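File shown: my_file_34.tsv (TSV, C-alpha atoms and all ligand atoms).
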chain	number	residue	atom	x	y	z
A	1	MET	CA	18.39	7.60	19.30
A	2	ILE	CA	20.49	8.04	16.19
A	3	ARG	CA	18.65	7.20	13.00
A	4	LYS	CA	20.83	4.79	11.09
A	5	ARG	CA	18.67	4.51	8.01
A	6	THR	CA	15.97	6.33	6.11
A	7	GLY	CA	12.38	5.05	6.17
A	8	ASN	CA	11.18	2.91	3.29
A	9	LEU	CA	8.10	3.48	1.21
A	10	ILE	CA	6.31	0.15	0.90
A	11	VAL	CA	3.57	-0.27	-1.70
A	12	LEU	CA	1.17	-3.18	-1.18
A	13	SER	CA	-1.23	-4.08	-3.97
A	14	ALA	CA	-3.56	-7.01	-4.43
A	15	PRO	CA	-6.82	-7.75	-6.21
A	16	SER	CA	-9.63	-7.07	-3.77
A	17	GLY	CA	-10.37	-10.31	-1.90
A	18	ALA	CA	-6.73	-11.44	-1.70
A	19	GLY	CA	-6.67	-10.73	2.03
A	20	LYS	CA	-4.43	-7.69	1.84
A	21	THR	CA	-6.20	-5.66	4.53
A	22	THR	CA	-5.82	-8.38	7.18
A	23	LEU	CA	-2.20	-8.97	6.20
A	24	CYS	CA	-1.52	-5.27	6.40
A	25	GLN	CA	-3.02	-5.00	9.89
A	26	LYS	CA	-0.92	-7.92	11.10
A	27	LEU	CA	2.21	-6.45	9.54
A	28	LEU	CA	1.65	-3.15	11.37
A	29	ALA	CA	1.01	-4.96	14.66
A	30	GLU	CA	4.43	-6.66	14.32
A	31	MET	CA	6.32	-3.58	13.20
A	32	PRO	CA	5.72	-0.55	15.44
A	33	ASP	CA	7.99	1.75	13.43
A	34	MET	CA	5.79	1.41	10.37
A	35	GLN	CA	2.61	3.30	9.55
A	36	MET	CA	-0.08	3.27	6.88
A	37	SER	CA	-0.80	6.43	4.98
A	38	VAL	CA	-4.58	6.76	5.15
A	39	SER	CA	-5.95	7.44	1.66
A	40	TYR	CA	-8.73	9.80	0.69
A	41	THR	CA	-11.71	8.34	-1.13
A	42	THR	CA	-15.08	9.40	-2.48
A	43	ARG	CA	-16.65	5.96	-1.98
A	44	GLN	CA	-19.20	5.33	0.79
A	45	PRO	CA	-17.88	3.79	4.02
A	46	ARG	CA	-18.62	0.06	4.44
A	47	ALA	CA	-20.03	-1.23	7.72
A	48	GLY	CA	-17.39	-0.93	10.43
A	49	GLU	CA	-15.17	1.49	8.50
A	50	VAL	CA	-14.08	4.55	10.45
A	51	ASP	CA	-13.37	7.94	8.91
A	52	GLY	CA	-9.70	8.85	9.33
A	53	VAL	CA	-8.73	5.24	10.11
A	54	HIS	CA	-9.62	3.16	7.05
A	55	TYR	CA	-9.94	6.14	4.73
A	56	SER	CA	-10.71	9.82	4.90
A	57	PHE	CA	-14.16	9.79	3.29
A	58	ILE	CA	-14.77	12.98	1.32
A	59	GLU	CA	-17.12	14.38	-1.31
A	60	LYS	CA	-16.18	14.39	-5.01
A	61	GLU	CA	-15.98	18.21	-5.08
A	62	ARG	CA	-13.41	18.27	-2.29
A	63	PHE	CA	-11.43	15.49	-3.98
A	64	GLN	CA	-11.30	17.47	-7.21
A	65	ALA	CA	-10.16	20.58	-5.33
A	66	MET	CA	-7.37	18.53	-3.74
A	67	ILE	CA	-6.27	17.31	-7.21
A	68	ALA	CA	-6.20	20.92	-8.39
A	69	ASP	CA	-4.09	21.91	-5.37
A	70	ALA	CA	-1.60	19.06	-6.09
A	71	GLU	CA	-2.25	17.53	-2.67
A	72	PHE	CA	-2.06	13.97	-4.00
A	73	VAL	CA	1.18	12.22	-4.84
A	74	GLU	CA	-1.00	9.85	-6.89
A	75	TRP	CA	-4.69	9.32	-7.40
A	76	ALA	CA	-6.85	6.93	-9.39
A	77	GLU	CA	-10.43	6.12	-10.24
A	78	VAL	CA	-11.29	2.58	-9.08
A	79	HIS	CA	-14.77	1.02	-9.45
A	80	GLY	CA	-16.21	4.49	-10.21
A	81	ASN	CA	-14.80	6.10	-7.07
A	82	TYR	CA	-11.73	8.26	-6.56
A	83	TYR	CA	-8.86	7.24	-4.31
A	84	GLY	CA	-5.77	9.32	-3.56
A	85	THR	CA	-2.59	9.30	-1.51
A	86	SER	CA	-1.80	12.50	0.35
A	87	ARG	CA	1.69	13.90	-0.15
A	88	ARG	CA	1.58	15.55	3.28
A	89	ARG	CA	0.69	12.31	5.07
A	90	ILE	CA	3.62	10.46	3.48
A	91	GLU	CA	6.00	13.26	4.42
A	92	GLU	CA	4.77	13.37	8.03
A	93	ILE	CA	5.32	9.63	8.54
A	94	ARG	CA	8.76	9.69	6.96
A	95	ALA	CA	9.72	12.76	8.99
A	96	ALA	CA	8.91	10.73	12.11
A	97	GLY	CA	11.52	8.19	10.91
A	98	LYS	CA	9.01	5.47	10.12
A	99	ASP	CA	8.39	3.27	7.09
A	100	VAL	CA	5.26	4.24	5.17
A	101	VAL	CA	2.87	1.59	3.87
A	102	LEU	CA	0.57	2.39	0.96
A	103	ASP	CA	-2.34	0.07	0.26
A	104	ILE	CA	-3.08	1.14	-3.31
A	105	ASP	CA	-4.03	-0.31	-6.68
A	106	VAL	CA	-1.81	-1.04	-9.68
A	107	GLN	CA	-2.40	2.34	-11.35
A	108	GLY	CA	-1.38	4.13	-8.15
A	109	ALA	CA	1.65	1.88	-7.67
A	110	ARG	CA	2.87	2.82	-11.13
A	111	GLN	CA	2.68	6.52	-10.31
A	112	ILE	CA	4.43	6.02	-6.96
A	113	ARG	CA	7.29	4.21	-8.73
A	114	GLN	CA	7.81	7.29	-10.90
A	115	VAL	CA	7.82	9.73	-7.98
A	116	PHE	CA	9.75	7.46	-5.57
A	117	PRO	CA	11.97	5.13	-7.66
A	118	ASP	CA	13.36	3.43	-4.53
A	119	SER	CA	9.91	2.45	-3.18
A	120	VAL	CA	9.42	-1.27	-2.49
A	121	HIS	CA	6.50	-2.84	-4.34
A	122	ILE	CA	4.85	-6.01	-3.08
A	123	PHE	CA	1.97	-7.82	-4.80
A	124	ILE	CA	-0.30	-10.18	-2.85
A	125	LEU	CA	-1.91	-13.04	-4.82
A	126	PRO	CA	-4.81	-15.18	-3.61
A	127	PRO	CA	-4.07	-18.94	-3.73
A	128	SER	CA	-6.47	-19.50	-6.66
A	129	GLN	CA	-9.19	-17.92	-8.76
A	130	GLU	CA	-11.78	-19.99	-6.89
A	131	ALA	CA	-10.53	-18.77	-3.50
A	132	LEU	CA	-10.72	-15.20	-4.79
A	133	ARG	CA	-14.33	-15.67	-5.94
A	134	GLN	CA	-15.31	-17.22	-2.60
A	135	ARG	CA	-13.73	-14.38	-0.64
A	136	LEU	CA	-15.50	-11.77	-2.77
A	137	GLU	CA	-18.87	-13.55	-2.42
A	138	GLY	CA	-18.34	-13.77	1.34
A	139	ARG	CA	-18.42	-10.01	1.56
A	140	MET	CA	-22.13	-9.52	2.08
A	141	SER	CA	-21.91	-5.75	1.69
A	142	ASP	CA	-21.40	-5.94	-2.07
A	143	ALA	CA	-24.07	-6.61	-4.74
A	144	PRO	CA	-23.51	-9.39	-7.41
A	145	GLU	CA	-22.69	-6.90	-10.15
A	146	VAL	CA	-20.13	-5.29	-7.84
A	147	ILE	CA	-18.55	-8.71	-7.28
A	148	ALA	CA	-18.47	-9.39	-11.05
A	149	ARG	CA	-16.77	-6.02	-11.60
A	150	ARG	CA	-14.21	-6.75	-8.89
A	151	LEU	CA	-13.38	-10.16	-10.42
A	152	GLN	CA	-12.77	-8.53	-13.79
A	153	LYS	CA	-10.64	-5.85	-12.14
A	154	ALA	CA	-8.76	-8.59	-10.23
A	155	ARG	CA	-7.79	-10.20	-13.55
A	156	ASP	CA	-6.68	-6.82	-14.91
A	157	GLU	CA	-4.52	-6.24	-11.84
A	158	ILE	CA	-2.96	-9.71	-11.75
A	159	ARG	CA	-1.88	-9.18	-15.37
A	160	GLU	CA	0.43	-6.43	-14.06
A	161	TYR	CA	2.15	-8.35	-11.26
A	162	ARG	CA	5.52	-8.28	-13.01
A	163	LEU	CA	5.82	-4.56	-12.26
A	164	TYR	CA	6.32	-5.45	-8.59
A	165	ASP	CA	9.53	-6.34	-6.74
A	166	TYR	CA	8.00	-9.17	-4.70
A	167	VAL	CA	5.01	-11.51	-4.97
A	168	ILE	CA	3.48	-13.20	-1.93
A	169	ILE	CA	0.77	-15.87	-2.20
A	170	ASN	CA	-1.72	-15.49	0.62
A	171	ASP	CA	-2.65	-19.14	1.11
A	172	SER	CA	-2.01	-19.50	4.82
A	173	LEU	CA	-2.26	-16.09	6.50
A	174	ASP	CA	0.54	-16.84	8.92
A	175	ALA	CA	2.97	-18.04	6.24
A	176	ALA	CA	2.16	-15.00	4.08
A	177	LEU	CA	2.75	-12.70	7.06
A	178	GLN	CA	6.13	-14.28	7.77
A	179	GLU	CA	7.11	-13.83	4.13
A	180	LEU	CA	5.99	-10.21	4.18
A	181	LEU	CA	7.97	-9.55	7.37
A	182	SER	CA	11.06	-11.12	5.77
A	183	VAL	CA	10.78	-8.80	2.78
A	184	VAL	CA	10.27	-5.69	4.91
A	185	ARG	CA	13.17	-6.57	7.23
A	186	ALA	CA	15.52	-7.41	4.37
A	187	GLU	CA	14.68	-4.12	2.65
A	188	ARG	CA	15.54	-2.27	5.87
A	189	ALA	CA	18.98	-3.84	5.90
A	190	ARG	CA	19.87	-2.76	2.35
A	191	VAL	CA	23.12	-0.85	2.18
A	192	ASP	CA	21.60	1.96	0.12
A	193	ARG	CA	19.12	2.70	2.93
A	194	PHE	CA	21.89	3.25	5.42
A	195	ASP	CA	22.91	6.57	6.90
A	196	HIS	CA	26.50	6.62	5.63
A	197	ALA	CA	27.32	9.71	7.70
A	198	TRP	CA	26.47	7.72	10.84
A	199	VAL	CA	28.81	4.86	9.81
A	200	ALA	CA	31.60	7.33	9.08
A	201	ALA	CA	31.15	9.17	12.38
A	202	SER	CA	30.84	5.99	14.41
A	203	PHE	CA	33.51	3.75	12.93
A	204	LEU	CA	35.73	5.48	10.44
A	205	LYS	CA	37.38	8.19	12.50
A	206	GLU	CA	41.10	7.66	12.93
A	207	GLU	CA	42.00	6.90	16.58
B	301	LIG	P1	-11.65	-0.64	-1.49
B	301	LIG	O1	-12.74	0.23	-1.99
B	301	LIG	O2	-11.97	-2.10	-1.59
B	301	LIG	O3	-11.21	-0.24	-0.09
B	301	LIG	O4	-10.37	-0.39	-2.41
B	301	LIG	C1	-10.47	-0.56	-3.78
B	301	LIG	C2	-9.06	-0.44	-4.39
B	301	LIG	O5	-8.58	0.90	-4.26
B	301	LIG	C3	-8.02	-1.33	-3.75
B	301	LIG	O6	-7.30	-1.97	-4.78
B	301	LIG	C4	-7.14	-0.37	-3.00
B	301	LIG	O7	-5.79	-0.82	-2.92
B	301	LIG	C5	-7.23	0.86	-3.88
B	301	LIG	N1	-6.85	2.08	-3.17
B	301	LIG	C6	-7.09	2.43	-1.89
B	301	LIG	N2	-6.55	3.63	-1.62
B	301	LIG	C7	-5.94	4.04	-2.74
B	301	LIG	C8	-5.18	5.22	-3.10
B	301	LIG	O8	-4.95	6.14	-2.31
B	301	LIG	N3	-4.72	5.29	-4.38
B	301	LIG	C9	-4.94	4.30	-5.28
B	301	LIG	N4	-4.41	4.45	-6.49
B	301	LIG	N5	-5.64	3.19	-4.98
B	301	LIG	C10	-6.12	3.07	-3.75
Can the structure from this file be put into structure tokens for me?
Amino acid sequence: MIRKRTGNLIVLSAPSGAGKTTLCQKLLAEMPDMQMSVSYTTRQPRAGEVDGVHYSFIEKERFQAMIADAEFVEWAEVHGNYYGTSRRRIEEIRAAGKDVVLDIDVQGARQIRQVFPDSVHIFILPPSQEALRQRLEGRMSDAPEVIARRLQKARDEIREYRLYDYVIINDSLDAALQELLSVVRAERARVDRFDHAWVAASFLKEE
């Protein structure tokens, strides 16, 4: 099949507890030609997390070696752990003609904007501060001081929402998903994403 457009780079950020992970999974289930770039992290896996699927879990020494070898297109320290996006993984997904989705924090999003100015940045907000607190407390795997730290970080991240192109409030999961799909589909139809050579070859040749 002829590729009529180049793949987009979609950045999704949200304070932890906004429901981004579930939204992301549902988005990918709806859009087969879209793939997450699995990040590297030095944090411990949570219950149910699979190496190579949710993250590539690595030791700090290896992470630092990867920084030194310029293997990350961006990296950040979040809650005392390192997280990074692999340049190679992004390139592989794009080479396969797919959109890449990055689930990264605000610091990472800022760096991605510099490297890929045409990336599409979407911020997910929880419906309220109270809902955010409840969702964070519902995660039994995290200690109270971890929850307090995440709430503070959530405020710091929400302060930066104006850096994004789109904001989606995750009140009802289904409504938020539909909104997210609308954004992703509209971005695919942008004229500057089109393969102009294909249009010329297909329609503009004189008869
Ligand atoms: P968690 O530990 O809850 O999975 O993620 C904590 C935060 O790290 C989230 O805000 C998540 O978006 C962010 N994060 C995950 N992977 C990356 C990455 O590769 N780079 C950056 N900058 N942030 C990331």
Within 8 Å of ligand LIG 301 (chain B), which residues show up when you count only C-alpha atoms and all ligand atoms? List them as a VMD selection string, please.
chain A and resid 12 to 16 38 to 41 43 55 74 to 79 82 to 86 102 to 109
Once you have the residues from the selection above, write them out as a PDB file, in the coordinates of the input, restricted to C-alpha atoms.
ATOM      1  CA  LEU A  12       1.170  -3.180  -1.180  1.00  0.00           C
ATOM      2  CA  SER A  13      -1.230  -4.080  -3.970  1.00  0.00           C
ATOM      3  CA  ALA A  14      -3.560  -7.010  -4.430  1.00  0.00           C
ATOM      4  CA  PRO A  15      -6.820  -7.750  -6.210  1.00  0.00           C
ATOM      5  CA  SER A  16      -9.630  -7.070  -3.770  1.00  0.00           C
ATOM      6  CA  VAL A  38      -4.580   6.760   5.150  1.00  0.00           C
ATOM      7  CA  SER A  39      -5.950   7.440   1.660  1.00  0.00           C
ATOM      8  CA  TYR A  40      -8.730   9.800   0.690  1.00  0.00           C
ATOM      9  CA  THR A  41     -11.710   8.340  -1.130  1.00  0.00           C
ATOM     10  CA  ARG A  43     -16.650   5.960  -1.980  1.00  0.00           C
ATOM     11  CA  TYR A  55      -9.940   6.140   4.730  1.00  0.00           C
ATOM     12  CA  GLU A  74      -1.000   9.850  -6.890  1.00  0.00           C
ATOM     13  CA  TRP A  75      -4.690   9.320  -7.400  1.00  0.00           C
ATOM     14  CA  ALA A  76      -6.850   6.930  -9.390  1.00  0.00           C
ATOM     15  CA  GLU A  77     -10.430   6.120 -10.240  1.00  0.00           C
ATOM     16  CA  VAL A  78     -11.290   2.580  -9.080  1.00  0.00           C
ATOM     17  CA  HIS A  79     -14.770   1.020  -9.450  1.00  0.00           C
ATOM     18  CA  TYR A  82     -11.730   8.260  -6.560  1.00  0.00           C
ATOM     19  CA  TYR A  83      -8.860   7.240  -4.310  1.00  0.00           C
ATOM     20  CA  GLY A  84      -5.770   9.320  -3.560  1.00  0.00           C
ATOM     21  CA  THR A  85      -2.590   9.300  -1.510  1.00  0.00           C
ATOM     22  CA  SER A  86      -1.800  12.500   0.350  1.00  0.00           C
ATOM     23  CA  LEU A 102       0.570   2.390   0.960  1.00  0.00           C
ATOM     24  CA  ASP A 103      -2.340   0.070   0.260  1.00  0.00           C
ATOM     25  CA  ILE A 104      -3.080   1.140  -3.310  1.00  0.00           C
ATOM     26  CA  ASP A 105      -4.030  -0.310  -6.680  1.00  0.00           C
ATOM     27  CA  VAL A 106      -1.810  -1.040  -9.680  1.00  0.00           C
ATOM     28  CA  GLN A 107      -2.400   2.340 -11.350  1.00  0.00           C
ATOM     29  CA  GLY A 108      -1.380   4.130  -8.150  1.00  0.00           C
ATOM     30  CA  ALA A 109       1.650   1.880  -7.670  1.00  0.00           C
TER      31      ALA A 109
END
What are the centre and the three edge lengths of an axis-aligned box that wraps all atoms of range 5-9 of chain A in the file, given that 3 Å is added to every side, written as AutoDock Vina command-line options and rounded to one decimal in Å?
--center_x 13.4 --center_y 4.6 --center_z 4.6 --size_x 16.6 --size_y 9.4 --size_z 12.8
Kindly assemble as CSV a list of the range 111-141 of chain A residues that lie within 8 Å of range 153-165 of chain A, each paired with its nearest atom pair and their distance in Å to one decimal, using all atoms listed in the file, sorted first by chain and then by ascending residue number.
residue,atom,partner,partner_atom,distance
A:Val120,CA,A:Asp165,CA,6.6
A:His121,CA,A:Tyr164,CA,5.0
A:Ile122,CA,A:Tyr164,CA,5.7
A:Phe123,CA,A:Tyr164,CA,6.2
A:Leu125,CA,A:Ile158,CA,7.8
Non-local contacts of range 19-28 of chain A (8 Å; only C-alpha atoms; under 4 positions in same chain excluded) as JSON, numbers by chain:
{"A": [12, 13, 14, 32, 34, 35, 124, 126, 170, 173, 176, 177, 180, 181]}
Given the selection you just returned, output its residues as a file containing C-alpha atoms, formatted as an mmCIF file, keeping the file's coordinate frame.
data_model
loop_
_atom_site.group_PDB
_atom_site.id
_atom_site.type_symbol
_atom_site.label_atom_id
_atom_site.label_comp_id
_atom_site.auth_asym_id
_atom_site.auth_seq_id
_atom_site.Cartn_x
_atom_site.Cartn_y
_atom_site.Cartn_z
ATOM 1 C CA LEU A 12 1.170 -3.180 -1.180
ATOM 2 C CA SER A 13 -1.230 -4.080 -3.970
ATOM 3 C CA ALA A 14 -3.560 -7.010 -4.430
ATOM 4 C CA PRO A 32 5.720 -0.550 15.440
ATOM 5 C CA MET A 34 5.790 1.410 10.370
ATOM 6 C CA GLN A 35 2.610 3.300 9.550
ATOM 7 C CA ILE A 124 -0.300 -10.180 -2.850
ATOM 8 C CA PRO A 126 -4.810 -15.180 -3.610
ATOM 9 C CA ASN A 170 -1.720 -15.490 0.620
ATOM 10 C CA LEU A 173 -2.260 -16.090 6.500
ATOM 11 C CA ALA A 176 2.160 -15.000 4.080
ATOM 12 C CA LEU A 177 2.750 -12.700 7.060
ATOM 13 C CA LEU A 180 5.990 -10.210 4.180
ATOM 14 C CA LEU A 181 7.970 -9.550 7.370
#
Between A:Gln111, A:Gln178, A:Gly7, A:Gln44, which has the minimum distance to Phe194 in chain A (counting all atoms listed in the file)?
A:Gly7
Exercise: Pro45 in chain A partners within 9 Å, only C-alpha atoms, chain neighbours under 2 positions left out, as an MDAnalysis selection string
chainID A and resid 43 47:51 54:55 57
Filtering to C-alpha atoms, could you give me those residues as a CSV table (one decimal), keeping the file's coordinate frame?
chain,number,residue,atom,x,y,z
A,43,ARG,CA,-16.6,6.0,-2.0
A,47,ALA,CA,-20.0,-1.2,7.7
A,48,GLY,CA,-17.4,-0.9,10.4
A,49,GLU,CA,-15.2,1.5,8.5
A,50,VAL,CA,-14.1,4.6,10.4
A,51,ASP,CA,-13.4,7.9,8.9
A,54,HIS,CA,-9.6,3.2,7.0
A,55,TYR,CA,-9.9,6.1,4.7
A,57,PHE,CA,-14.2,9.8,3.3
Considering all atoms listed in the file, can you say which of A:Val53, A:Val115, A:Leu151, A:Met36 comes closest to Ile90 in chain A?
A:Met36
Which is closer to Gln114 in chain A than all the others in A:Arg94, A:Ser128, A:Val73, A:Arg185, using only C-alpha atoms?
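The closest residue to Gln114 in chain A is A:Val73.
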What does the distance from CA of Val199 in chain A to CA of Leu9 in chain A come to in Å, to one decimal?
22.5 Å
Coordinates-based distance that separates CA of Leu132 in chain A from CA of Pro144 in chain A (Å, one decimal)
14.3 Å
To one decimal place, how far is CA of Met31 in chain A from CA of Arg190 in chain A in Å?
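So the two atoms, CA of Met31 in chain A and CA of Arg190 in chain A, lie 17.4 Å apart.
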When distances are computed from only C-alpha atoms, which of A:Ala29, A:Asp118, A:Asp174, A:Val101 shows the smallest separation from Asp192 in chain A?
A:Asp118
Could you model all heavy atoms for range 121-132 of chain A and present them as an mmCIF file, in the frame of the given file?
data_model
loop_
_atom_site.group_PDB
_atom_site.id
_atom_site.type_symbol
_atom_site.label_atom_id
_atom_site.label_comp_id
_atom_site.auth_asym_id
_atom_site.auth_seq_id
_atom_site.Cartn_x
_atom_site.Cartn_y
_atom_site.Cartn_z
ATOM 1 N N HIS A 121 7.844 -2.478 -3.891
ATOM 2 C CA HIS A 121 6.500 -2.840 -4.340
ATOM 3 C C HIS A 121 6.232 -4.332 -4.142
ATOM 4 O O HIS A 121 6.988 -5.164 -4.645
ATOM 5 C CB HIS A 121 6.328 -2.448 -5.815
ATOM 6 C CG HIS A 121 6.364 -0.959 -6.023
ATOM 7 N ND1 HIS A 121 5.368 -0.273 -6.671
ATOM 8 C CD2 HIS A 121 7.255 -0.030 -5.628
ATOM 9 C CE1 HIS A 121 5.667 1.018 -6.681
ATOM 10 N NE2 HIS A 121 6.809 1.185 -6.056
ATOM 11 N N ILE A 122 5.176 -4.617 -3.416
ATOM 12 C CA ILE A 122 4.850 -6.010 -3.080
ATOM 13 C C ILE A 122 3.431 -6.320 -3.566
ATOM 14 O O ILE A 122 2.503 -5.562 -3.276
ATOM 15 C CB ILE A 122 4.930 -6.241 -1.556
ATOM 16 C CG1 ILE A 122 6.310 -5.823 -1.024
ATOM 17 C CG2 ILE A 122 4.642 -7.711 -1.215
ATOM 18 C CD1 ILE A 122 6.409 -5.784 0.499
ATOM 19 N N PHE A 123 3.287 -7.427 -4.280
ATOM 20 C CA PHE A 123 1.970 -7.820 -4.800
ATOM 21 C C PHE A 123 1.499 -9.060 -4.057
ATOM 22 O O PHE A 123 2.250 -10.023 -3.903
ATOM 23 C CB PHE A 123 2.089 -8.126 -6.305
ATOM 24 C CG PHE A 123 0.772 -8.161 -7.014
ATOM 25 C CD1 PHE A 123 0.173 -6.981 -7.436
ATOM 26 C CD2 PHE A 123 0.129 -9.364 -7.260
ATOM 27 C CE1 PHE A 123 -1.059 -7.003 -8.096
ATOM 28 C CE2 PHE A 123 -1.098 -9.394 -7.919
ATOM 29 C CZ PHE A 123 -1.693 -8.206 -8.331
ATOM 30 N N ILE A 124 0.272 -9.032 -3.566
ATOM 31 C CA ILE A 124 -0.300 -10.180 -2.850
ATOM 32 C C ILE A 124 -1.257 -10.910 -3.798
ATOM 33 O O ILE A 124 -2.182 -10.303 -4.333
ATOM 34 C CB ILE A 124 -1.126 -9.736 -1.609
ATOM 35 C CG1 ILE A 124 -0.410 -8.644 -0.801
ATOM 36 C CG2 ILE A 124 -1.512 -10.943 -0.756
ATOM 37 C CD1 ILE A 124 0.739 -9.081 0.011
ATOM 38 N N LEU A 125 -1.025 -12.214 -3.972
ATOM 39 C CA LEU A 125 -1.910 -13.040 -4.820
ATOM 40 C C LEU A 125 -2.767 -13.941 -3.932
ATOM 41 O O LEU A 125 -2.269 -14.469 -2.936
ATOM 42 C CB LEU A 125 -1.078 -13.934 -5.723
ATOM 43 C CG LEU A 125 -0.612 -13.418 -7.073
ATOM 44 C CD1 LEU A 125 0.237 -14.487 -7.762
ATOM 45 C CD2 LEU A 125 -1.787 -13.034 -7.964
ATOM 46 N N PRO A 126 -4.021 -14.146 -4.306
ATOM 47 C CA PRO A 126 -4.810 -15.180 -3.610
ATOM 48 C C PRO A 126 -4.297 -16.545 -4.061
ATOM 49 O O PRO A 126 -3.631 -16.637 -5.097
ATOM 50 C CB PRO A 126 -6.230 -14.929 -4.117
ATOM 51 C CG PRO A 126 -6.049 -14.267 -5.448
ATOM 52 C CD PRO A 126 -4.752 -13.516 -5.401
ATOM 53 N N PRO A 127 -4.597 -17.626 -3.325
ATOM 54 C CA PRO A 127 -4.070 -18.940 -3.730
ATOM 55 C C PRO A 127 -4.639 -19.438 -5.048
ATOM 56 O O PRO A 127 -3.983 -20.191 -5.761
ATOM 57 C CB PRO A 127 -4.432 -19.862 -2.562
ATOM 58 C CG PRO A 127 -5.443 -19.131 -1.758
ATOM 59 C CD PRO A 127 -5.255 -17.681 -2.010
ATOM 60 N N SER A 128 -5.870 -19.055 -5.395
ATOM 61 C CA SER A 128 -6.470 -19.500 -6.660
ATOM 62 C C SER A 128 -7.614 -18.566 -7.039
ATOM 63 O O SER A 128 -8.096 -17.790 -6.206
ATOM 64 C CB SER A 128 -7.038 -20.920 -6.512
ATOM 65 O OG SER A 128 -8.120 -20.882 -5.595
ATOM 66 N N GLN A 129 -8.053 -18.716 -8.275
ATOM 67 C CA GLN A 129 -9.190 -17.920 -8.760
ATOM 68 C C GLN A 129 -10.452 -18.254 -7.961
ATOM 69 O O GLN A 129 -11.253 -17.386 -7.643
ATOM 70 C CB GLN A 129 -9.388 -18.229 -10.257
ATOM 71 C CG GLN A 129 -10.659 -17.707 -10.866
ATOM 72 C CD GLN A 129 -10.531 -16.239 -11.291
ATOM 73 O OE1 GLN A 129 -9.567 -15.562 -10.973
ATOM 74 N NE2 GLN A 129 -11.520 -15.757 -12.009
ATOM 75 N N GLU A 130 -10.604 -19.549 -7.630
ATOM 76 C CA GLU A 130 -11.780 -19.990 -6.890
ATOM 77 C C GLU A 130 -11.806 -19.377 -5.488
ATOM 78 O O GLU A 130 -12.835 -18.913 -5.007
ATOM 79 C CB GLU A 130 -11.773 -21.539 -6.812
ATOM 80 C CG GLU A 130 -13.111 -22.175 -6.526
ATOM 81 C CD GLU A 130 -14.304 -21.446 -7.134
ATOM 82 O OE1 GLU A 130 -14.279 -21.130 -8.339
ATOM 83 O OE2 GLU A 130 -15.269 -21.170 -6.388
ATOM 84 N N ALA A 131 -10.629 -19.354 -4.849
ATOM 85 C CA ALA A 131 -10.530 -18.770 -3.500
ATOM 86 C C ALA A 131 -10.883 -17.280 -3.558
ATOM 87 O O ALA A 131 -11.569 -16.750 -2.678
ATOM 88 C CB ALA A 131 -9.126 -18.955 -2.948
ATOM 89 N N LEU A 132 -10.435 -16.628 -4.624
ATOM 90 C CA LEU A 132 -10.720 -15.200 -4.790
ATOM 91 C C LEU A 132 -12.231 -14.974 -4.908
ATOM 92 O O LEU A 132 -12.807 -14.112 -4.243
ATOM 93 C CB LEU A 132 -10.009 -14.691 -6.045
ATOM 94 C CG LEU A 132 -10.158 -13.210 -6.337
ATOM 95 C CD1 LEU A 132 -9.438 -12.383 -5.283
ATOM 96 C CD2 LEU A 132 -9.604 -12.874 -7.706
#
